[in-house]
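Let me begin by presenting the structure, written as structure tokens, before commenting on it.
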Amino acid sequence: MRNYTLEEIASAVNGKVYGDPRAVINGVEIDSRDAREGEIFVPFKGARVNGHSFVRGLCERGIASFWQQGEEGRPEGNIIEVDDTLKAIQKLAAHYRQSLNCRIIGVTGSSGKTSTKDMLSAVLAEKYRVHKTFGNKNNEIGVPLTILSIEDRDEIAVVEMGISDFGEMDDLVDIVRPDYTVVTSIAPAHIMNFLTLDNIAAQKARINRDLKYGFCVYNGEAYGLKKAIKSYDIRSFSYGYQEDCDWQIRDVEMHEAGMSFRIRGIDETFSLPVLGRHQVLNAAASIILALDFGLTAGEINKAFSKLQLTPHRLQLRKIREATVIDDCYNSNPGSLCAALELLSDYDERWHKTAVLGDMLELGPDSGRMHAAIAERIDFSRFENTLLFGEEMRNLHEKLNSQNIPNRWFADRQELKNEVEKLLKPCSIILFKASNGMKFIDLINELEGSL
């Protein structure tokens with residue numbers, strides 16, 4: 001963030017300055033432990049911790065802070081008092097966005113956002129100075145922090161934009177004002193709030209609400225997305241495996257450590273050092289934008305060869321003599337089926353095991369959605385299907401009704417003990433669950449116990 005005085009920030013967020021209005025601020029921090037002189041701290045009031053309790057100590061160290069009106073005990077120091085600290089950081093980011101000269105690409109979707117953001121950033125970095133969302137900080141707090149961390153010398157910013165309820169995309173668009181957009185997928189993530197897939201498609205498509213100069217790239221096979229995007233008067237291009245997609249993916253081959261594929265109309269075979277047909281979809285979105293930004297197919301392939309994705313998204317790991325596919329960051333029906341299809345694609349010399357935990361936040365139809373996975377995936381292709389969590393009991397019962405062997409675990413230690421028996425040569429084990437099931441910890445425990 002470029003330098004602002006306390007007075008300039010207060011003007012941008014409709015706040016009141018206490019202390020020195022000429023104090024210079026060059027950054028924003030939400031963790032009091034990381035706050036440094038020259039930054040302004042943003043305290044939030046959480047269920048367990050009230051960030052305002054750290055402000056006095058920061059002020060004593062000469063660090064500025066926001067302060068939410070109505071909170072008692074405001075200390076002496078360089079402080080901006082505001083009606084709402086969350087709204088304040090969002091207003092500041094929107095104000096800062098207006099001064100930026102870089103082109104901004106907004107990325108959204110039910111799944112695939114982070115991988116697409118990582119791929120796109122890696123490819124564009126072959127030619128440009130690129131800033132991107134760190135990790136998966138894509139929400140109402142993470143997005144403004146991403147915008148505020150863009151520097152004047154950055155030429156392109158790739159901003160991940162995640163939503164979980166109505167109206168949130170409009171708030172993020174007000175901050176980001178993307179010049180280009182990508183919509184990766186539509187699946188029943190957060191359907192407890194959105195209620196229907198049509199609502200999810202419509203809300204994701206609102207990333208294009210104010211798109212003027214660039215264009216939208218979207219998954220042409222995603223439910224309801226084409227219709228939702230075509231409702232906006234914008235340029236748009238679809239990608240996918242189907243023939244009617246503007247950019248059709250062809251000749252996909254899976255190798256032990258990655259994928260190769262072609263795209264209709266491009267005389268190049270692309271190679272990805274990551275697994276999964278859905279990762280090929282994410283790569284296709286990156287290719288379309290990169291070509292428009294002036295990169296050659298050869299430069300794109302070179303960038304793919306160096307690709308490093310955010311961890312826990314189909315990440316290959318070696319535990320003892322087994323190959324582990326760590327896809328534990330999150331799970332919904334779409335991403336779960338994609339991961340299981342990837343496991344199915346391994347040839348018969350592999351002993352295949354699916355270790356699956358609950359998909360969370362699916363609302364009142366959660367049980368049915370878990371059971372329905374059995375209708376979409378042929379589980380008989382797996383040597384072992386190990387299920388954990390109350391919701392996965394529904395898939396367990398459905399597989400039992402189909403006479404397909406599987407085991408359901410109520411006890412985490414029992415599950416771990418069973419997996420340990422399978423860590424043998426030519427064993428490939430997929431771990432997939434929502435983040436709240438803590439499968440990342442389970443994999444780390446398996447590594448540490450050997």
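Convention: chains lettered A, B, ... in structure tokens order; per-chain residue numbering from 1; ligands numbered from 1 as shown.
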Apply DSSP to the structure's backbone, then extract all residues of range 112-314 of chain A labelled alpha helix (DSSP H) and return them as a PyMOL selection string. chain A and resi 113-124+142-148+168-176+191-194+197-205+225-230+277-292+297-305
Range 249-258 of chain A surroundings by only C-alpha atoms, 7 Å radius, close-in-sequence under 2 positions cut, as a PDB file with N, CA and C atoms, in the first residue's frame:
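Output file out.pdb follows:
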```pdb
ATOM      1  N   GLY A 240     -14.075 -26.067 -21.838  1.00  0.00           N
ATOM      2  CA  GLY A 240     -14.535 -27.346 -21.330  1.00  0.00           C
ATOM      3  C   GLY A 240     -14.251 -28.456 -22.320  1.00  0.00           C
ATOM      4  N   TYR A 241     -14.749 -29.639 -22.007  1.00  0.00           N
ATOM      5  CA  TYR A 241     -14.501 -30.814 -22.834  1.00  0.00           C
ATOM      6  C   TYR A 241     -15.541 -30.961 -23.943  1.00  0.00           C
ATOM      7  N   TRP A 247     -13.560 -22.843 -26.247  1.00  0.00           N
ATOM      8  CA  TRP A 247     -12.213 -23.411 -26.181  1.00  0.00           C
ATOM      9  C   TRP A 247     -12.357 -24.856 -25.704  1.00  0.00           C
ATOM     10  N   SER A 260      -1.458 -34.286 -19.500  1.00  0.00           N
ATOM     11  CA  SER A 260      -1.154 -33.596 -20.752  1.00  0.00           C
ATOM     12  C   SER A 260      -2.460 -33.436 -21.518  1.00  0.00           C
ATOM     13  N   PHE A 261      -2.558 -32.388 -22.340  1.00  0.00           N
ATOM     14  CA  PHE A 261      -3.804 -32.111 -23.059  1.00  0.00           C
ATOM     15  C   PHE A 261      -3.542 -31.117 -24.182  1.00  0.00           C
ATOM     16  N   ARG A 262      -4.517 -30.985 -25.038  1.00  0.00           N
ATOM     17  CA  ARG A 262      -4.486 -29.996 -26.108  1.00  0.00           C
ATOM     18  C   ARG A 262      -5.770 -29.173 -26.061  1.00  0.00           C
ATOM     19  N   ILE A 263      -5.748 -28.039 -26.705  1.00  0.00           N
ATOM     20  CA  ILE A 263      -6.935 -27.195 -26.840  1.00  0.00           C
ATOM     21  C   ILE A 263      -7.168 -26.925 -28.318  1.00  0.00           C
ATOM     22  N   ARG A 264      -8.397 -27.111 -28.746  1.00  0.00           N
ATOM     23  CA  ARG A 264      -8.746 -26.918 -30.157  1.00  0.00           C
ATOM     24  C   ARG A 264      -8.287 -25.546 -30.647  1.00  0.00           C
ATOM     25  N   LEU A 272       0.885 -30.502 -17.436  1.00  0.00           N
ATOM     26  CA  LEU A 272       0.692 -30.006 -16.069  1.00  0.00           C
ATOM     27  C   LEU A 272       1.322 -30.969 -15.076  1.00  0.00           C
ATOM     28  N   PRO A 273       2.096 -30.474 -14.113  1.00  0.00           N
ATOM     29  CA  PRO A 273       2.669 -31.348 -13.082  1.00  0.00           C
ATOM     30  C   PRO A 273       1.720 -31.574 -11.918  1.00  0.00           C
ATOM     31  N   VAL A 274       0.414 -31.545 -12.193  1.00  0.00           N
ATOM     32  CA  VAL A 274      -0.611 -31.800 -11.173  1.00  0.00           C
ATOM     33  C   VAL A 274      -1.642 -32.744 -11.770  1.00  0.00           C
ATOM     34  N   LEU A 275      -2.429 -33.367 -10.909  1.00  0.00           N
ATOM     35  CA  LEU A 275      -3.356 -34.405 -11.331  1.00  0.00           C
ATOM     36  C   LEU A 275      -4.785 -33.916 -11.415  1.00  0.00           C
TER      37      LEU A 275
END
```
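In this model, the gap between CA of Lys87 in chain A and CA of Ile30 in chain A comes to 13.6 Å.
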Contact check, range 371-407 of chain A to range 425-445 of chain A, at most 12 Å, counting only C-alpha atoms, closest pairs as CSV:
```
residue,atom,partner,partner_atom,distance
A:Phe382,CA,A:Ile429,CA,9.9
A:Glu383,CA,A:Ser427,CA,9.8
A:Asn384,CA,A:Ile429,CA,9.1
A:Thr385,CA,A:Leu430,CA,9.7
A:Leu386,CA,A:Phe431,CA,9.6
A:Leu387,CA,A:Ala433,CA,9.9
A:Phe388,CA,A:Met437,CA,8.9
A:Gly389,CA,A:Met437,CA,8.0
A:Glu390,CA,A:Met437,CA,10.8
A:Glu391,CA,A:Ala433,CA,11.0
A:Met392,CA,A:Ala433,CA,10.0
```
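In terms of minimum interatomic distance to Ser115 in chain A, A:Gly135 ranks closest within A:Pro188, A:Gly135, A:Gly73, A:Gly62, counting only C-alpha atoms.
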Name the residues in contact with Cys337 in chain A at a cut-off of 9 Å, using only C-alpha atoms, excluding same-chain residues fewer than 3 positions from it; report them as a PDB file with C-alpha atoms, in the first residue's frame.
```pdb
ATOM      1  CA  ASN A 332     -18.379 -30.536  -1.904  1.00  0.00           C
ATOM      2  CA  PRO A 333     -20.161 -32.993  -4.216  1.00  0.00           C
ATOM      3  CA  GLY A 334     -18.521 -31.587  -7.341  1.00  0.00           C
ATOM      4  CA  LEU A 340     -12.736 -39.849  -7.027  1.00  0.00           C
ATOM      5  CA  GLU A 341     -12.694 -39.860 -10.830  1.00  0.00           C
ATOM      6  CA  LEU A 342      -8.991 -39.050 -10.642  1.00  0.00           C
ATOM      7  CA  ILE A 373     -22.193 -39.843  -4.589  1.00  0.00           C
ATOM      8  CA  ARG A 376     -22.144 -40.797  -9.691  1.00  0.00           C
ATOM      9  CA  ILE A 377     -19.029 -42.861  -8.921  1.00  0.00           C
TER      10      ILE A 377
END
```
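Distances to Leu225 in chain A were evaluated for A:Glu8, A:Asn282, A:Ser110, A:Leu295 using only C-alpha atoms, and the minimum falls at A:Ser110.
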